[in-house]
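*Asks:* Next up is a structure, given as structure tokens.
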Amino acid sequence: MNQLRKSYIFQFALQIYTKVGIKKEGAKPMAKYRAALIGCGGKGRDHTNTLIKNELVDLVAFCDVREEALQAYQEMYGVSALYTDYQEMFERANLDLVVISTQAPQHHATTLAAAAHGCHVLCEKPMAVTLQEADEMVAACDEAGVRLSINHQKRASAYNAYAKRLIAEGEIGEVFLIRAYEKGGRKSGNAMMEMGTHLFDWVHNFGGEVSWAAAHITTADSLEAGLQDIKHSQEVNPRDRDAGLVIGERAFCSFGFASGMHADCDFLAESQGNDRAYGLDLIGTKGRIALRRSVATVMFIHRGAFMTPVEGHQWQPVSLPDEDRITGQHLGTRDINQVLQSRLIQSLLEPDAPDADPISSGREGRASLEMIHGSWESHRRSGRVPFPLKERTHPLQRWREEA
């Protein structure tokens, strides 16, 4: 396996690190894509720091409805074109790329406006509040001939690709089960629309097309979550982002895949978050692969069909040094996040083939949202629901209306 890992690292380095788009001292000037940011909040700073370091783009405009936020960004980053109206920005700024870092309810309208002006889109998660909105976002970008990417940056991690390579080589046999673990620190309704959207996308990345969902959602007292437990995300926690209606405090979600795989994703409402616990176990007939952490992925492999807490059944760490270092310097979490986001931008602006989807596409972002809504719909019906979901409006809103 060591020789396989070395070979893979070399090949991946050639494919990615020569194309990642981080600015280099003394680099030859090149034509750049004109980019703008919508949403000058906390997450917007992460995106801005990525954009200004990316040699593919020229960050030319900011947009936010709050003038004080625009002024603060101008002082920090020196971009002079400021807009409080995104329609005006699209009409005047001649953009190639827009990064949408607003609250979820604004993603739909801003994406449709970007598509109408021939602009590629990198949109924050969750992609939308309803599947109907997500469908319209994908369709609008397809019809306009622009690409839509969702900021599920784990899609850009070399550890995912390497885990798939090990599975294809038979290292852990046939994979039949995925177990996913949320990091805690939030009640399940909010967690599913926050870090859960990354987790469901991670599961979908390995499981493929979802065939059905089945879920059971409870309160912290293990009581069945009902109509009275449907709340707005910011009613649950005012510090969380606006993700629309949510439900419950604990959630136990299961999925079947067209591939025959099964997945379990649990949200246990631990009072404190722990990023080291966040991730997946890929369980095969001959062993297991564990992937952990939300940004700087760590990976372990366990050989053997059974995992028991006895000597001789330990997990072995797997390292991809070229994923953790650039130019010999070890990267921190924020730096790795910028590398992953730069890869998303690279695949969005300069795909390997003209008709290729970006590595974290709108279609994949929609699949993650469908897993969340499918879980809520399953709980509402008290049974398994088939995919794709026929109803594309919000399942919790329908529950309220039908009551």
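Chain labels run A, B, ... following the order of the structure tokens; each chain numbers its residues from 1, and ligands are numbered from 1 in the order shown.
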Kindly provide the residues of stretch 134-238 of chain A that approach stretch 386-402 of chain A to within 9 Å, each paired with its closest atom pair and their distance in Å to one decimal, based on only C-alpha atoms, listed by chain and increasing number, as JSON lines.
*Replies:*
```
{"residue": "A:Asp135", "atom": "CA", "partner": "A:Arg392", "partner_atom": "CA", "distance": 8.5}
{"residue": "A:Glu209", "atom": "CA", "partner": "A:Phe387", "partner_atom": "CA", "distance": 9.0}
{"residue": "A:Val210", "atom": "CA", "partner": "A:Phe387", "partner_atom": "CA", "distance": 6.5}
{"residue": "A:Ser211", "atom": "CA", "partner": "A:Phe387", "partner_atom": "CA", "distance": 5.1}
{"residue": "A:Trp212", "atom": "CA", "partner": "A:Pro386", "partner_atom": "CA", "distance": 4.3}
{"residue": "A:Ala213", "atom": "CA", "partner": "A:Pro386", "partner_atom": "CA", "distance": 6.7}
{"residue": "A:Leu227", "atom": "CA", "partner": "A:Arg400", "partner_atom": "CA", "distance": 6.8}
{"residue": "A:Ile230", "atom": "CA", "partner": "A:Leu396", "partner_atom": "CA", "distance": 7.0}
```
*Asks:* Write the residues of the preceding selection, restricted to C-alpha atoms, as a CSV table (one decimal), in the first residue's frame.
*Replies:*
```
chain,number,residue,atom,x,y,z
A,135,ASP,CA,-34.3,22.8,-9.2
A,209,GLU,CA,-27.6,8.0,-6.2
A,210,VAL,CA,-30.1,7.8,-3.2
A,211,SER,CA,-33.0,5.4,-3.6
A,212,TRP,CA,-34.9,6.1,-0.4
A,213,ALA,CA,-34.8,7.8,3.0
A,227,LEU,CA,-46.0,19.7,14.5
A,230,ILE,CA,-41.4,22.9,13.8
```
*Asks:* Among the residues of stretch 310-384 of chain A, find those DSSP assigns to strand (DSSP E or B) from the backbone and print them as a list in words.
*Replies:* Gln316, Pro317, Val318, Arg325, Ile326, Gln329, His330 and Ser361 of chain A
*Asks:* Find the residues around stretch 190-192 of chain A up to 8 Å (only C-alpha atoms counted), leave out those fewer than 2 positions away in its own chain, and share them as a ChimeraX atom specification.
*Replies:* /A:184,186-188,194-197,233,236,240,243,246-247,267,372
*Asks:* Keeping only N, CA and C atoms, write the selected residues as a compact mmCIF listing (two decimals), in the first residue's frame.
*Replies:*
```
# COMPACT_ATOMS: atom_id res chain seq x y z
N GLY A 184 -21.81 17.74 16.57
CA GLY A 184 -22.46 18.18 17.80
C GLY A 184 -22.44 19.69 17.95
N ARG A 186 -25.15 21.57 18.15
CA ARG A 186 -26.42 22.13 17.69
C ARG A 186 -27.51 21.08 17.81
N LYS A 187 -28.76 21.54 17.93
CA LYS A 187 -29.89 20.63 17.84
C LYS A 187 -30.04 20.18 16.39
N SER A 188 -30.63 18.99 16.22
CA SER A 188 -30.55 18.32 14.91
C SER A 188 -31.13 19.14 13.77
N GLU A 194 -26.87 23.11 8.68
CA GLU A 194 -25.56 23.77 8.81
C GLU A 194 -24.46 22.78 8.39
N MET A 195 -23.78 22.17 9.34
CA MET A 195 -22.72 21.23 9.00
C MET A 195 -23.27 19.92 8.42
N GLY A 196 -24.55 19.65 8.70
CA GLY A 196 -25.15 18.44 8.16
C GLY A 196 -25.19 18.42 6.65
N THR A 197 -25.35 19.59 6.02
CA THR A 197 -25.39 19.60 4.56
C THR A 197 -24.04 19.14 3.98
N SER A 233 -35.14 28.32 12.07
CA SER A 233 -33.79 28.01 12.57
C SER A 233 -33.29 29.06 13.55
N VAL A 236 -34.75 28.68 17.00
CA VAL A 236 -34.03 27.66 17.77
C VAL A 236 -32.76 28.25 18.36
N ASP A 240 -27.48 31.20 14.86
CA ASP A 240 -27.34 30.41 13.64
C ASP A 240 -27.88 31.18 12.45
N ALA A 243 -31.98 29.37 7.93
CA ALA A 243 -32.10 28.19 7.08
C ALA A 243 -33.56 27.78 6.90
N VAL A 246 -37.12 24.18 10.51
CA VAL A 246 -36.39 22.98 10.91
C VAL A 246 -37.24 22.26 11.96
N ILE A 247 -36.80 21.05 12.33
CA ILE A 247 -37.55 20.31 13.34
C ILE A 247 -36.61 19.41 14.14
N PHE A 267 -27.67 12.56 14.34
CA PHE A 267 -27.47 13.91 14.90
C PHE A 267 -27.95 13.84 16.35
N ILE A 372 -31.83 15.83 3.27
CA ILE A 372 -32.37 16.49 4.47
C ILE A 372 -33.89 16.51 4.40
```
*Asks:* Write out as CSV the residues of stretch 86-196 of chain A that have any atom within 12 Å of an atom of stretch 74-82 of chain A, one row each with the nearest atom pair and its distance in Å to one decimal, counting only C-alpha atoms, sorted by chain and then rising number.
*Replies:*
```
residue,atom,partner,partner_atom,distance
A:Tyr86,CA,A:Leu82,CA,10.0
A:Glu88,CA,A:Leu82,CA,10.4
A:Met89,CA,A:Leu82,CA,8.3
A:Phe90,CA,A:Ala81,CA,11.8
A:Arg92,CA,A:Ala81,CA,9.9
A:Ala93,CA,A:Ala81,CA,8.3
A:Asn94,CA,A:Ala81,CA,11.8
```
*Asks:* Please list as a PyMOL selection string every residue within 7 Å of stretch 103-114 of chain A, counting only C-alpha atoms and excluding residues in the same chain fewer than 5 positions away.
*Replies:* chain A and resi 87+90+119+121+126-129+133+137+140+241-243
*Asks:* Compile the contact shell of stretch 39-42 of chain A as number ranges by chain: residues with an atom at most 9 Å away, counting only C-alpha atoms, same-chain residues fewer than 6 positions apart removed.
*Replies:* A: 48, 62-66, 69-70, 72-73, 99-103
*Asks:* For atom CA of A:Met261 and atom CA of A:Gly207, determine how far apart the two atoms are, in Å to one decimal place.
*Replies:* 6.4 Å
*Asks:* So which bits of stretch 72-235 of chain A end up alpha helix (DSSP H) when you DSSP the backbone, as number ranges by chain?
*Replies:* A: 72-77, 86-92, 107-116, 131-144, 158-168, 188-193, 195-207, 233-235
*Asks:* Just the number, please: distance in Å from atom CA of A:Leu177 to atom CA of A:Glu364, one decimal.
*Replies:*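 Calculated distance between atom CA of A:Leu177 and atom CA of A:Glu364 is 20.2 Å.
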